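Notes follow once the structure below has been shown.
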Amino acid sequence: MKKIGHIQKLIAEGEHQMLDFKFEVSDSKKIARSLVAFANTDGGRLLIGVKDNGSISGIRSDEERHMIQTAAQMYCRPEVDYTAKEWNINGKTVLEVIIPKSRYHKHKAPDHNNIYKVYVRVKDENIVADPILIKVWKHEKDKNNINITFTDEEMMLLRYLNEHGRISFDEFMEISHLNKKSAERILVNFILIGMVKIEMSDKKIFFISEDLA
């Protein structure tokens, strides 16, 4: 009963940023995107043999176990570490794949065109990481050396966020008349010092005041 309770408790949570259900594994490249998204974000779990509605179907063959291993080793760059446990529930096997948060960030997996991209987990979706987020990761070690001078453009950004709550990158470039590189630098610096936060979805990236997050 303890084993059944563990899986049922996870299923009751529903899919979220750290949990995903998979009816089956039929494509190692596709499952690689899930592995790197979890590793690049907060870590998480895949439950293989569980439908989107939470009903248990069980894994179909040993091939699914091998496809996860292939995904982690061949289609994740660098390779993603994971552990796997099998749970027998009413005669059906659920494979629990546990992916810890990586200390590396920037794991990549192939997209639909076989181009390797960085994926992150946002709510219950795997999305391509915004370039600004990647720059934030790159400069995390240097955040203590950031010097904010509060230029006119920086103050304009803060006023806009105070009035409107959020701003897209294109909107910031438009109101500030900055080039792409300069606009990115301001947003990256503000994120690193904790004044601004990225709000991501599969359709749009916004930047919001940390006070409003």
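In the structure tokens, the first chain shown is A, the next is B, and so on; residue numbers restart at 1 for each chain, and ligands run from 1 in the order shown.
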Residues at most 8 Å from Arg45 (chain A), counting only C-alpha atoms, excluding those fewer than 2 positions away in the same chain, as a short mmCIF file (atom, residue, chain, number, x, y, z; two decimals) with N, CA and C atoms, in the first residue's frame?
data_model
loop_
_atom_site.label_atom_id
_atom_site.label_comp_id
_atom_site.auth_asym_id
_atom_site.auth_seq_id
_atom_site.Cartn_x
_atom_site.Cartn_y
_atom_site.Cartn_z
N MET A 18 7.04 20.66 -11.64
CA MET A 18 7.98 19.62 -11.26
C MET A 18 7.41 18.21 -11.45
N LEU A 19 6.34 18.09 -12.22
CA LEU A 19 5.73 16.78 -12.43
C LEU A 19 5.06 16.73 -13.80
N ASP A 20 5.34 15.64 -14.52
CA ASP A 20 4.75 15.46 -15.85
C ASP A 20 4.32 14.00 -16.01
N PHE A 38 13.44 19.94 -17.04
CA PHE A 38 13.47 19.75 -15.59
C PHE A 38 14.85 20.08 -15.03
N GLY A 43 14.31 20.80 -11.34
CA GLY A 43 14.25 19.35 -11.22
C GLY A 43 12.79 18.90 -11.28
N LEU A 47 6.28 10.61 -14.73
CA LEU A 47 5.59 9.35 -14.45
C LEU A 47 5.21 8.73 -15.78
N GLU A 96 8.82 5.76 -12.61
CA GLU A 96 9.06 7.10 -12.06
C GLU A 96 10.48 7.52 -12.39
N VAL A 97 10.62 8.57 -13.16
CA VAL A 97 11.94 9.08 -13.55
C VAL A 97 12.18 10.38 -12.79
N ILE A 98 13.22 10.40 -11.98
CA ILE A 98 13.50 11.54 -11.10
C ILE A 98 14.71 12.28 -11.65
N ILE A 99 14.52 13.57 -11.97
CA ILE A 99 15.58 14.40 -12.56
C ILE A 99 15.93 15.50 -11.57
#
Subject >> All residues 9 Å or closer to Ile205 (chain A), only C-alpha atoms, same chain fewer than 6 positions away omitted, as a ChimeraX atom specification >> reply: /A:130,167-169,198-199
Convert the current residue selection to file output with C-alpha atoms, as a PDB file, in the first residue's frame.
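Below you can see result-v3.pdb, which holds the result:
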ATOM      1  CA  ASP A 130      14.536  33.076 -23.632  1.00  0.00           C
ATOM      2  CA  ILE A 167       6.703  44.822 -20.190  1.00  0.00           C
ATOM      3  CA  SER A 168       7.864  42.798 -23.180  1.00  0.00           C
ATOM      4  CA  PHE A 169      11.342  43.126 -24.615  1.00  0.00           C
ATOM      5  CA  ILE A 198      11.074  36.963 -16.006  1.00  0.00           C
ATOM      6  CA  GLU A 199       7.529  35.743 -16.616  1.00  0.00           C
TER       7      GLU A 199
END
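Distances here use only C-alpha atoms; by that measure, the residue among A:Thr83, A:Asn126, A:Asn90, A:Gln8 closest to Val36 (chain A) is A:Asn126.
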Subject >> Residues near Trp87 (chain A), cut-off 12 Å, only C-alpha atoms, skip fewer than 5 positions along chain, as a list of chain:residue names >> reply: A:Met1, A:Lys2, A:Lys3, A:Ile4, A:Gly5, A:His6, A:Ile7, A:Gln8, A:Leu47, A:Ile48, A:Gly49, A:Val50, A:Ile56, A:Gly58, A:Ile59, A:Lys92, A:Thr93, A:Val94, A:Leu95, A:Glu96, A:Val97
Subject >> DSSP-assigned alpha helix (DSSP H) among region 14-207 of chain A, expressed as a PyMOL selection string >> reply: chain A and resi 28-40+63-74+131-139+152-164+169-176+180-192
**OP:** Tell me, in Å to one decimal, how far CA of Val120 (chain A) is from CA of Ala39 (chain A).
**Re:** 8.0 Å
Subject >> region 175-186 of chain A surroundings by only C-alpha atoms, 7 Å radius, close-in-sequence under 2 positions cut, as a ChimeraX atom specification >> reply: /A:132,153-154,171-173,188-190
Original post:
Distance CA of Thr151 (chain A)-CA of Met195 (chain A), one decimal place?
Top reply: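 CA of Met195 (chain A) lies at a distance of 15.0 Å from CA of Thr151 (chain A).
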Subject >> From A:Glu63, A:Asp42, A:Asp152, A:Asp170, residue lying nearest Ser28 (chain A) [only C-alpha atoms] >> reply: A:Glu63
Original post:
How would you write, as number ranges by chain, the set of residues in region 73-175 of chain A that DSSP gives as strand (DSSP E or B)?
Top reply: A: 77, 83-89, 92-99, 108-110, 116-122, 125-128, 166-168
Written selection (N, CA and C atoms) as a compact mmCIF listing (two decimals), in the first residue's frame:
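Written out: selection39.txt:
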# COMPACT_ATOMS: atom_id res chain seq x y z
N ARG A 77 22.53 17.43 -24.13
CA ARG A 77 23.89 17.95 -24.16
C ARG A 77 24.04 19.11 -23.17
N THR A 83 17.44 9.20 -12.00
CA THR A 83 17.25 7.88 -11.42
C THR A 83 15.85 7.41 -11.77
N ALA A 84 15.67 6.11 -11.86
CA ALA A 84 14.37 5.55 -12.23
C ALA A 84 13.94 4.48 -11.24
N LYS A 85 12.66 4.51 -10.91
CA LYS A 85 12.07 3.50 -10.02
C LYS A 85 10.82 2.93 -10.68
N GLU A 86 10.60 1.66 -10.45
CA GLU A 86 9.40 1.02 -11.00
C GLU A 86 8.44 0.70 -9.87
N TRP A 87 7.16 0.99 -10.11
CA TRP A 87 6.11 0.74 -9.13
C TRP A 87 5.03 -0.13 -9.77
N ASN A 88 4.72 -1.21 -9.11
CA ASN A 88 3.67 -2.10 -9.60
C ASN A 88 2.36 -1.75 -8.91
N ILE A 89 1.41 -1.29 -9.70
CA ILE A 89 0.13 -0.86 -9.14
C ILE A 89 -0.99 -1.62 -9.84
N LYS A 92 -0.02 -3.14 -13.05
CA LYS A 92 0.51 -2.25 -14.08
C LYS A 92 1.77 -1.56 -13.55
N THR A 93 2.76 -1.44 -14.40
CA THR A 93 4.04 -0.86 -13.99
C THR A 93 4.11 0.61 -14.37
N VAL A 94 4.33 1.46 -13.35
CA VAL A 94 4.56 2.88 -13.57
C VAL A 94 6.05 3.14 -13.36
N LEU A 95 6.68 3.79 -14.32
CA LEU A 95 8.09 4.13 -14.22
C LEU A 95 8.21 5.58 -13.76
N GLU A 96 8.82 5.76 -12.61
CA GLU A 96 9.06 7.10 -12.06
C GLU A 96 10.48 7.52 -12.39
N VAL A 97 10.62 8.57 -13.16
CA VAL A 97 11.94 9.08 -13.55
C VAL A 97 12.18 10.38 -12.79
N ILE A 98 13.22 10.40 -11.98
CA ILE A 98 13.50 11.54 -11.10
C ILE A 98 14.71 12.28 -11.65
N ILE A 99 14.52 13.57 -11.97
CA ILE A 99 15.58 14.40 -12.56
C ILE A 99 15.93 15.50 -11.57
N LYS A 108 20.88 21.12 -23.41
CA LYS A 108 20.16 21.29 -24.67
C LYS A 108 19.59 19.97 -25.15
N ALA A 109 18.52 20.06 -25.93
CA ALA A 109 17.90 18.90 -26.57
C ALA A 109 17.42 19.33 -27.96
N PRO A 110 17.25 18.37 -28.89
CA PRO A 110 16.84 18.75 -30.24
C PRO A 110 15.37 19.15 -30.33
N TYR A 116 19.53 21.86 -31.67
CA TYR A 116 19.64 21.76 -30.21
C TYR A 116 19.39 23.12 -29.56
N LYS A 117 18.46 23.12 -28.60
CA LYS A 117 18.08 24.35 -27.91
C LYS A 117 17.97 24.09 -26.40
N VAL A 118 18.06 25.18 -25.65
CA VAL A 118 17.90 25.09 -24.19
C VAL A 118 16.42 25.16 -23.86
N TYR A 119 15.95 24.19 -23.08
CA TYR A 119 14.54 24.17 -22.66
C TYR A 119 14.45 24.38 -21.15
N VAL A 120 13.35 25.01 -20.73
CA VAL A 120 13.06 25.18 -19.31
C VAL A 120 11.62 24.73 -19.06
N ARG A 121 11.32 24.47 -17.81
CA ARG A 121 9.98 24.04 -17.42
C ARG A 121 9.23 25.25 -16.85
N VAL A 122 8.08 25.56 -17.45
CA VAL A 122 7.24 26.65 -16.98
C VAL A 122 5.84 26.08 -16.76
N GLU A 125 4.60 23.01 -18.84
CA GLU A 125 5.07 23.01 -20.22
C GLU A 125 6.59 23.10 -20.30
N ASN A 126 7.14 22.51 -21.35
CA ASN A 126 8.56 22.66 -21.67
C ASN A 126 8.67 23.68 -22.79
N ILE A 127 9.39 24.78 -22.54
CA ILE A 127 9.52 25.83 -23.56
C ILE A 127 10.99 26.17 -23.78
N VAL A 128 11.26 26.73 -24.94
CA VAL A 128 12.63 27.16 -25.25
C VAL A 128 12.98 28.37 -24.38
N ARG A 166 3.99 44.97 -16.17
CA ARG A 166 4.91 44.12 -16.93
C ARG A 166 5.21 44.76 -18.28
N ILE A 167 6.28 44.27 -18.91
CA ILE A 167 6.70 44.82 -20.19
C ILE A 167 7.37 43.72 -21.00
N SER A 168 7.17 43.74 -22.31
CA SER A 168 7.86 42.80 -23.18
C SER A 168 9.19 43.42 -23.61
List the spatial neighbours of Ala72 (chain A) as a compact mmCIF listing (two decimals) with N, CA and C atoms, in the first residue's frame - criterion: any atom at most 7 Å away, only C-alpha atoms, same-chain residues fewer than 5 positions off excluded.
# COMPACT_ATOMS: atom_id res chain seq x y z
N ALA A 32 13.80 13.79 -24.39
CA ALA A 32 15.01 14.53 -24.01
C ALA A 32 14.67 15.98 -23.67
N GLU A 79 24.91 15.47 -20.92
CA GLU A 79 24.03 14.39 -20.46
C GLU A 79 23.31 14.79 -19.17
N VAL A 80 22.05 14.41 -19.06
CA VAL A 80 21.26 14.69 -17.86
C VAL A 80 21.26 13.47 -16.95
Subject >> Top pick for closest residue to Lys51 (chain A), considering A:Val25, A:Leu35, A:Ala129, A:Cys76 and counting only C-alpha atoms >> reply: A:Val25
**OP:** For CA of Ile191 (chain A) and CA of Lys141 (chain A), quote the distance in Å rounded to one decimal.
**Re:**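 These two atoms are separated by 13.2 Å.
Considering the residues A:Lys101, A:Lys203, A:Val196, A:Gln17 and counting only C-alpha atoms, Leu157 (chain A) has its shortest atom-to-atom contact with A:Val196.
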Original post:
Contacts of Gly54 (chain A) at 9 Å or less, counting only C-alpha atoms, minus same-chain residues fewer than 6 places along, as a PyMOL selection string?
Top reply: chain A and resi 8+11-12+14-15+21
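Using only C-alpha atoms, the nearest neighbour of Arg159 (chain A) within the list A:Met67, A:Ser55, A:Ser209, A:Asn113 is A:Ser209.
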**OP:** Identify which of the residues A:Ser26, A:Asn144, A:Asn40, A:Thr149 lies closest to Arg65 (chain A), counting only C-alpha atoms when measuring atom-to-atom distances.
**Re:**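 Between A:Ser26, A:Asn144, A:Asn40, A:Thr149, the residue approaching Arg65 (chain A) most closely is A:Ser26.
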